[in-house]
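Visitor: After the structure tokens below, expect a handful of questions from me.
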Amino acid sequence: MGGGREAAERRRWRRRRNCARLFASWQLYLPVVLMTLGLEWSADGAALFGRHQDPPSPSPWGKGLDRNADDRRLFTDVVLLAAADSSIDGDGDGASRSNNYYDPQSDPLYRIAFGSCSHQSKPTTVWHHVLNFAPQMFIWLGDNIYGDYKQPARVAGPKRNVGPWKVHPRFLPAPMQLMQEMYDLQKSHPMYSRVREQAKVIGTWDDHDYGLNDAGKEFEWKQESQKLMLDFLDEPINSPRRNQEGVYAAYDYGPPGKRVKVILTDTRYHRESPSSDSDLLGEEQWQWLERELNHSTANVHIIGSSVQVIPNLTAVLQPFGQVEGWARFPASRSRLFRILKDSNLPGIFFISGDVHFADMNRYDCALQYPLYEFTASGLTQSVEEMVPPLLQPVLRLLGLLVPGPLRIRRPYGKQNFGTIEINWDDDPISIHFKVHRDTGETVLSHQILLTELQSPPGTAEDSAKGARRGSDQGRGSKSSEAGKFCVTETDLSWFARHRFFFAVVVVLTALAALAIGACYAVFAGVWMLLHTTCPCERMKVD
């Protein structure tokens, strides 16, 4: 049996190789492939697959990466690359298609793309549309690769790994050598290579590229993993990030008056186990964050977090599970808001990833002005891919029933990436946030004025009193705008907080009733066929 399956796998691999040979003979695409991938053409056409020429390995770790997935992704990427060659220069909104001469000290930063959750072996069209946006900067927000291995779910048995009764972890860490291969595969993506040529790429990590799902400071390979991630980002050898514990960093771009500060936090290296008083960043990172804010002269402050800061999905998804986020670390989130408030800086907002859907939230009771968070997740991973296409509308409906009192837009559950456009020439200056699906179409959009992200006139003490007064009013009355965006998930009534649970129970009950009804109909039909006298037999009796 095993030999037959292996032979079938080899036949499928040979068909893919032959298909690659046929594709390589298409002279229109050949120069693009050679120029971009830097390959030397060989007579058998196998150069298209580079190091992926070996037949697939049957083991999840085995002899390396999943060869089937890698070959499929590379073949798709070559097609997209050839299409991009004829469309990138002609598409878009007139922005410059090359930022190789962007000077971060003298040129203002006005076009930023960001994203997260990108599996290195999955085909995607997202990078083509990132190129069409022509960003000056691209920001990775974590899960830049998927370096751990997700075992099949086992609810029962000695190797059960799902539910509160599990005895084995479902995720296993990958060897560092294999993670290096995964980073190399991600970095060699033809379309992503063009993004690196066009824009400055910076980023932080989350759990899957850190090395293990939901891991924190206890992860034993975090130092080796940090080196791999910084190599992936082309971090200079003399960068402070290579000598510190954690990948947090801050960058300043643009001239005075049009300056943008990007702060990337590390929510993994020093993360403790979640509890009410657990620490998420570590004391050294907290002090660094305060220094960066206290010495900032920027007009816009972008704070990147691999997990969501404002929403509290865990509070509204119980008892189905817990979602990573700052809300599971209440003391750390309160400290973060206090530091931001004490800095009294303008133009602060968050960008985040992790959750496999796009989201936009606003919270009015943290600073002296509204605090926004824009989530883009993921580049290849999406929550709607968890179920078959037939059930995706049901999942979408259930998603709308998840309470989100701080949301300003409905979430989007398919592949996506985010963009930020800072319009420095507008009066007043405006910031436009968009989420694009994998076809480039805009699915979520929100625009704010920079004057909205500034402390009100008066002393810091008066502003603090006003913020406290707005918070009190917001929790007491939901009619005002401030009150609407001060009521968090934990402030909702018990029924409102658990309405998703009741909706799931109703849907599961309905599906069970349909299944039982279908079984009963089939059983009744069979019974009638077996116990009904045939008309011809009745004629014989008569």
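Labeling convention for the structure tokens: chains A, B, ... as they appear, residues from 1 per chain, ligands from 1 in order of appearance.
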As a VMD selection string, please: all residues of stretch 113-354 of chain A that backbone DSSP puts in strand (DSSP E or B).
Guide: chain A and resid 113 to 115 137 to 141 149 to 150 171 to 172 200 to 204 249 to 253 260 to 264 300 to 305 348 to 352
Visitor: Next, the residues of the selection above should be written as a compact mmCIF listing (two decimals), in the first residue's frame with C-alpha atoms.
Guide:
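Written out: again-v9.txt:
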```txt
# COMPACT_ATOMS: atom_id res chain seq x y z
CA ALA A 113 1.81 49.22 3.52
CA PHE A 114 1.60 46.66 6.31
CA GLY A 115 0.52 43.08 6.82
CA MET A 137 7.72 51.34 3.46
CA PHE A 138 6.34 47.89 4.22
CA ILE A 139 5.86 46.82 7.84
CA TRP A 140 5.71 43.15 8.88
CA LEU A 141 3.50 42.71 11.97
CA TYR A 149 4.14 22.39 12.96
CA LYS A 150 0.41 22.01 13.61
CA PHE A 171 2.02 22.64 17.96
CA LEU A 172 5.65 21.56 17.80
CA LYS A 200 12.12 49.90 2.96
CA VAL A 201 11.03 46.78 4.86
CA ILE A 202 10.89 46.73 8.66
CA GLY A 203 8.97 44.54 11.07
CA THR A 204 8.46 42.63 14.29
CA ALA A 249 12.81 49.01 17.44
CA ALA A 250 11.96 52.63 16.60
CA TYR A 251 12.49 54.59 13.37
CA ASP A 252 12.19 58.29 12.49
CA TYR A 253 11.36 59.41 8.95
CA VAL A 260 6.79 60.09 11.31
CA LYS A 261 7.96 57.85 14.14
CA VAL A 262 7.37 54.10 13.80
CA ILE A 263 7.63 52.11 17.04
CA LEU A 264 7.60 48.30 16.81
CA VAL A 300 2.70 61.12 13.59
CA HIS A 301 3.41 58.14 15.85
CA ILE A 302 2.69 54.64 14.49
CA ILE A 303 2.91 51.92 17.13
CA GLY A 304 3.07 48.40 15.72
CA SER A 305 1.99 45.43 17.82
CA ILE A 348 -0.68 58.24 18.01
CA PHE A 349 -2.41 55.15 16.58
CA PHE A 350 -1.85 51.38 16.51
CA ILE A 351 -1.42 48.87 13.70
CA SER A 352 -1.59 45.13 14.44
```
Visitor: A:Tyr192: which residues within 7 Å, counting only C-alpha atoms, same-chain residues fewer than 4 positions away excluded, as a short mmCIF file (atom, residue, chain, number, x, y, z; two decimals) with N, CA and C atoms, in the first residue's frame?
Guide:
```
data_model
loop_
_atom_site.label_atom_id
_atom_site.label_comp_id
_atom_site.auth_asym_id
_atom_site.auth_seq_id
_atom_site.Cartn_x
_atom_site.Cartn_y
_atom_site.Cartn_z
N TRP A 127 1.08 40.29 -3.03
CA TRP A 127 2.28 41.10 -3.25
C TRP A 127 2.19 41.91 -4.54
N LYS A 187 11.66 34.86 1.55
CA LYS A 187 12.45 35.98 1.02
C LYS A 187 12.66 35.86 -0.48
N ARG A 196 10.86 44.50 -1.76
CA ARG A 196 12.10 44.86 -1.05
C ARG A 196 12.94 45.84 -1.86
#
```
Visitor: Could you check which of A:Asp427, A:Asp266, A:Asp214, A:Asp207 is closest to A:Gln285, using only C-alpha atoms?
Guide: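 Result for the nearest residue to A:Gln285: A:Asp266.
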Visitor: Which residue gives the smallest distance to A:Phe133 among A:Tyr269, A:Phe417, A:Phe219, A:Phe329, with only C-alpha atoms counted?
Guide: A:Phe417
Visitor: Find the residues around stretch 360-369 of chain A up to 6 Å (only C-alpha atoms counted), leave out those fewer than 2 positions away in its own chain, and share them as JSON, numbers by chain.
Guide: {"A": [337, 341, 371, 372, 373, 374, 406, 407, 408, 409, 453, 455, 467, 471, 485, 486]}
Visitor: Do a neighbour search on A:Pro158 at 9 Å with only C-alpha atoms, toss out local chain neighbours closer than 5 positions, and write the hits as a PyMOL selection string.
Guide: chain A and resi 166-168
Visitor: Using only C-alpha atoms, which residues sit within 12 Å of A:Lys434 once same-chain residues fewer than 4 positions away are excluded, as a count of residues only?
Guide: 31
Visitor: At a cut-off of 10 Å, using only C-alpha atoms, what residues contact stretch 315-324 of chain A? Leave out same-chain residues fewer than 4 positions from it and give the result as a count of residues only.
Guide: 28
Visitor: Enumerate, as a ChimeraX atom specification, the complete set of residues in stretch 252-344 of chain A that a backbone-based DSSP assignment places in helix (DSSP H, G or I).
Guide: /A:283-294,313-317,326-328,330-343
Visitor: Go ahead and write the selection's residues with N, CA and C atoms as a short mmCIF file (atom, residue, chain, number, x, y, z; two decimals), in the first residue's frame.
Guide:
```cif
data_model
loop_
_atom_site.label_atom_id
_atom_site.label_comp_id
_atom_site.auth_asym_id
_atom_site.auth_seq_id
_atom_site.Cartn_x
_atom_site.Cartn_y
_atom_site.Cartn_z
N GLU A 283 10.65 44.77 31.59
CA GLU A 283 11.00 46.09 32.12
C GLU A 283 11.95 46.86 31.21
N GLU A 284 12.90 46.18 30.62
CA GLU A 284 13.85 46.86 29.74
C GLU A 284 13.14 47.49 28.54
N GLN A 285 12.19 46.77 27.97
CA GLN A 285 11.44 47.31 26.82
C GLN A 285 10.52 48.45 27.25
N TRP A 286 9.95 48.37 28.45
CA TRP A 286 9.12 49.46 28.94
C TRP A 286 9.93 50.75 29.06
N GLN A 287 11.12 50.65 29.64
CA GLN A 287 11.96 51.85 29.79
C GLN A 287 12.37 52.40 28.43
N TRP A 288 12.69 51.50 27.51
CA TRP A 288 13.03 51.94 26.15
C TRP A 288 11.86 52.68 25.51
N LEU A 289 10.65 52.16 25.67
CA LEU A 289 9.47 52.78 25.08
C LEU A 289 9.25 54.18 25.65
N GLU A 290 9.41 54.33 26.95
CA GLU A 290 9.24 55.66 27.56
C GLU A 290 10.29 56.64 27.04
N ARG A 291 11.53 56.19 26.87
CA ARG A 291 12.57 57.08 26.34
C ARG A 291 12.24 57.51 24.92
N GLU A 292 11.81 56.58 24.09
CA GLU A 292 11.49 56.91 22.70
C GLU A 292 10.36 57.93 22.62
N LEU A 293 9.36 57.79 23.47
CA LEU A 293 8.23 58.72 23.45
C LEU A 293 8.61 60.07 24.04
N ASN A 294 9.37 60.07 25.12
CA ASN A 294 9.72 61.33 25.78
C ASN A 294 10.64 62.21 24.93
N LEU A 313 -11.31 40.20 22.47
CA LEU A 313 -12.09 39.12 21.88
C LEU A 313 -12.28 37.95 22.83
N THR A 314 -11.36 37.76 23.76
CA THR A 314 -11.49 36.66 24.71
C THR A 314 -12.76 36.81 25.53
N ALA A 315 -13.13 38.05 25.88
CA ALA A 315 -14.29 38.29 26.73
C ALA A 315 -15.60 37.92 26.04
N VAL A 316 -15.62 37.93 24.69
CA VAL A 316 -16.88 37.70 23.98
C VAL A 316 -16.90 36.37 23.24
N LEU A 317 -15.80 35.62 23.24
CA LEU A 317 -15.76 34.34 22.55
C LEU A 317 -15.80 33.15 23.50
N TRP A 326 -3.52 42.22 24.01
CA TRP A 326 -3.16 42.98 25.20
C TRP A 326 -4.25 42.88 26.28
N ALA A 327 -5.48 42.60 25.89
CA ALA A 327 -6.57 42.51 26.87
C ALA A 327 -6.36 41.37 27.86
N ARG A 328 -5.58 40.37 27.49
CA ARG A 328 -5.28 39.27 28.43
C ARG A 328 -4.17 39.67 29.41
N PRO A 330 -4.11 42.85 31.45
CA PRO A 330 -4.72 44.14 31.81
C PRO A 330 -3.74 45.13 32.42
N ALA A 331 -2.83 44.65 33.25
CA ALA A 331 -1.87 45.56 33.88
C ALA A 331 -0.94 46.17 32.83
N SER A 332 -0.50 45.37 31.88
CA SER A 332 0.39 45.89 30.83
C SER A 332 -0.35 46.87 29.92
N ARG A 333 -1.59 46.57 29.59
CA ARG A 333 -2.33 47.48 28.73
C ARG A 333 -2.61 48.81 29.44
N SER A 334 -2.93 48.76 30.72
CA SER A 334 -3.13 50.00 31.47
C SER A 334 -1.83 50.81 31.54
N ARG A 335 -0.72 50.12 31.72
CA ARG A 335 0.56 50.82 31.76
C ARG A 335 0.88 51.45 30.41
N LEU A 336 0.59 50.74 29.33
CA LEU A 336 0.81 51.29 27.99
C LEU A 336 -0.01 52.56 27.78
N PHE A 337 -1.30 52.52 28.13
CA PHE A 337 -2.14 53.70 27.96
C PHE A 337 -1.65 54.85 28.83
N ARG A 338 -1.18 54.54 30.02
CA ARG A 338 -0.69 55.60 30.92
C ARG A 338 0.57 56.26 30.36
N ILE A 339 1.48 55.46 29.81
CA ILE A 339 2.70 56.01 29.22
C ILE A 339 2.37 56.90 28.02
N LEU A 340 1.46 56.43 27.17
CA LEU A 340 1.08 57.22 26.00
C LEU A 340 0.39 58.52 26.43
N LYS A 341 -0.42 58.44 27.45
CA LYS A 341 -1.14 59.63 27.92
C LYS A 341 -0.18 60.64 28.53
N ASP A 342 0.77 60.17 29.32
CA ASP A 342 1.73 61.06 29.97
C ASP A 342 2.66 61.71 28.94
N SER A 343 2.90 61.04 27.82
CA SER A 343 3.78 61.64 26.80
C SER A 343 3.15 62.85 26.14
#
```
Visitor: Env of A:Arg396: 8 Å cut, atoms = only C-alpha atoms, seq-sep filter 3 positions within chain, self excluded. Answer as an NGL selection string.
Guide: :A and (384 or 392-393 or 399-400 or 413)
Visitor: Please measure the separation of atom CA of A:Ser296 and atom CA of A:Thr265, giving the value in Å to one decimal.
Guide: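 For atom CA of A:Ser296 relative to atom CA of A:Thr265, the distance reads 16.2 Å.
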